[in-house]
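> Could you have a look at this structure, given as structure tokens, before my questions?
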Amino acid sequence: NGVHDIIITNIRIRDAPDLSTGDSLRINSGAYNILIDHCSISEGGDGALDIADDVHDVTVQWSIISQTVKNSLIRTNTQRISLHHNFYASGDERNPQFDDVDNFDMVNNVIFNWTRSYGTRIRNGASGNFVKNFYVPTPRSDVDNALVLVESGDVYCMGNVLMGGDLVDCTVQSRLSSSGITENDPEVAYDLVISNAGACPRDVNDLSLVNSVLSYRPYFETGNIEIDCIHEADLEPCDGTINNYELQSFISGWLEGLESISDLIEAINIWKIN
């Protein structure tokens, strides 16, 4: 109902049980100005991440969206949706699906192991930019349907890679209005996404997905791999206290005195630098 100016970062959302309405994360009903950053979203009864019904100005970045029959649906009068540097893994379909979406940007994502009818689908008048994404099929993937356009609107494609095949041509030759995402060449983006997407530290579930995709497409070793996301195996054994990153004192000090969204964004940037 119009909730806005929300940042969700560095959490895991899993196992929504309901087979008809259970999305692990749902953004809907007119929500706007939403940022999803470095999250791991998976195993929804219906969808992992759905964005629907008059939503606008949403960015999903550096996240892992995985292991759901219908990984991610974006639909019904949504506008200005940006998806960049995400890892879509082991979803049967909807990696993602755009349906009645105006002005999406899908840039530098990795799509792996779609196992049903298609990888990504754009339909019902959806329009936007589809740029420098990287598709890694497995023997279970239908390479011919990695990207499907069905009665779409204007869709601009450039620099996308499908291992073992070619993606379909898009509908326009000129780029549409863009959100200004900083782009990487698809091989560089692959290395960066597989190194850094998802909640940190990575747990066994995310590590399994990463190891699986690397068995099909090892790192390109582009020289741009900067691994920020350490693995749980690198942490000290848990003794009942939170000692990594001195998390308890960090949270209390971090939140103290924050009065606005701009203060929060500045605090996040300072934390990332440090």
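Residues are named by chain letter and number: chains run A, B, ... in the order of the structure tokens, numbers start at 1 in each chain, and ligands are numbered from 1 in the order shown.
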So which residues touch Asn10 (chain A) within 12 Å, counting only C-alpha atoms, skipping near sequence neighbours fewer than 6 positions away, as a list in words?
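In the requested form, the answer reads Leu35, Ile36, Asp37, His38, Cys39, Ser40, Ile41, Gln61, Trp62, Ser63, Ile64, Asn196, Ala197, Gly198, Ala199, Cys200, Pro201, Arg202, Cys229 and Ile268 of chain A.
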> Set the distance at 10 Å and use only C-alpha atoms: which residues neighbour Asn108 (chain A) once local chain neighbours fewer than 2 positions away are removed? I'd like the list as number ranges by chain.
A: 61-62, 83-87, 105-106, 110-111, 130-134, 159-160, 181-190, 192-193
> Which polymer residues have any atom within 9 Å of an atom of region 203-220 of chain A, counting only C-alpha atoms, with same-chain residues fewer than 5 positions away left out, as a PyMOL selection string?
chain A and resi 40+64+66+89-90+112-113+136-138+163+187-188+190-191+194-195+198+225+231-233
> Taking the DSSP assignment computed from this structure's backbone, write out as a PyMOL selection string all residues of region 51-125 of chain A that belong to strand (DSSP E or B).
chain A and resi 51-52+56-61+64-66+70-84+87-89+93+97-107+110-112+120-123
> Skip Thr78 (chain A) itself and residues of its chain fewer than 2 positions away, then list as a ChimeraX atom specification all residues within 9 Å of it, counting only C-alpha atoms.
/A:30,51-57,74-76,80-81,99-104
> From the set A:Pro17, A:Leu176, A:Asn33, A:Thr115, which residue has the shortest atom-to-atom contact distance to Ala146 (chain A), counting only C-alpha atoms?
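Residue with the minimum atom-to-atom distance to Ala146 (chain A): A:Thr115.
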> Taking 3 positions as the minimum chain separation for residues in the same chain, which residues sit within 7 Å of Trp114 (chain A) when counting only C-alpha atoms? Answer as a PyMOL selection string.
chain A and resi 90-93+118-119+137+141
> Could you jot down the CA of Glu43 (chain A) to CA of Asp15 (chain A) separation for me, Å, one decimal place?
4.9 Å
> Identify which of the residues A:Val168, A:Gln67, A:Ile34, A:Val143 lies closest to Val3 (chain A), counting only C-alpha atoms when measuring atom-to-atom distances.
A:Ile34
> When you draw a straight line from CA of Asp169 (chain A) to CA of Gln79 (chain A), how long is it in Å?
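Taking CA of Asp169 (chain A) as the start and CA of Gln79 (chain A) as the end point, the length is 23.0 Å.
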> Which residue, A:Leu149, A:Cys170, A:Ile27, A:Ile65, has the smallest gap to Ser42 (chain A) when you use only C-alpha atoms?
A:Ile65
> Would you mind listing what lies within 8 Å of Pro96 (chain A) as a count of residues only, with only C-alpha atoms counted and same-chain residues fewer than 5 positions away left out?
7
> Pull the helix (DSSP H, G or I) assignments for region 43-227 of chain A out of DSSP run on the backbone, and list those residues as a list in words.
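Of region 43-227 of chain A, the ones in helix (DSSP H, G or I) are Val143, Asp144, Asn145, Pro186, Glu187, Val188, Ala189, Tyr190, Asp191, Leu192, Val193, Ile194, Ser195, Asn196, Val204, Asn205, Asp206, Leu207, Ser208, Leu209, Val210, Asn211, Ser212, Val213, Leu214, Ser215 and Tyr216 of chain A.
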> Can you write just those residues out, C-alpha atoms, as a CSV table (one decimal), in the first residue's frame?

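Wrote again23.csv, looks like this:
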chain,number,residue,atom,x,y,z
A,143,VAL,CA,19.2,-23.3,-24.9
A,144,ASP,CA,16.8,-22.2,-27.7
A,145,ASN,CA,14.5,-20.6,-25.1
A,186,PRO,CA,29.8,-9.7,-19.7
A,187,GLU,CA,32.9,-11.8,-18.9
A,188,VAL,CA,34.0,-9.3,-16.2
A,189,ALA,CA,30.5,-9.2,-14.9
A,190,TYR,CA,30.4,-12.9,-14.6
A,191,ASP,CA,33.5,-13.0,-12.5
A,192,LEU,CA,32.3,-10.2,-10.3
A,193,VAL,CA,28.8,-11.6,-9.8
A,194,ILE,CA,30.0,-15.1,-9.0
A,195,SER,CA,32.5,-13.7,-6.6
A,196,ASN,CA,30.3,-11.3,-4.7
A,204,VAL,CA,26.5,-23.7,2.4
A,205,ASN,CA,23.5,-23.2,0.2
A,206,ASP,CA,25.0,-20.2,-1.7
A,207,LEU,CA,28.4,-21.8,-1.9
A,208,SER,CA,26.8,-24.9,-3.5
A,209,LEU,CA,25.2,-22.8,-6.2
A,210,VAL,CA,28.5,-20.9,-6.9
A,211,ASN,CA,30.5,-24.2,-7.1
A,212,SER,CA,27.9,-25.6,-9.4
A,213,VAL,CA,28.1,-22.8,-11.9
A,214,LEU,CA,31.9,-22.7,-11.8
A,215,SER,CA,31.9,-26.4,-12.8
A,216,TYR,CA,30.3,-25.3,-16.1
> Quick one: of A:Asn1, A:Asn109, A:Ile11, A:Ser127, who's nearest to Leu162 (chain A), counting only C-alpha atoms?
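Smallest distance to Leu162 (chain A) is found for A:Asn109.
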> For Arg26 (chain A), which residue among A:Asp46, A:Ile7, A:Asp142, A:Cys157 is the nearest when counting only C-alpha atoms?
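Of the candidates, the smallest distance to Arg26 (chain A) is held by A:Asp46.
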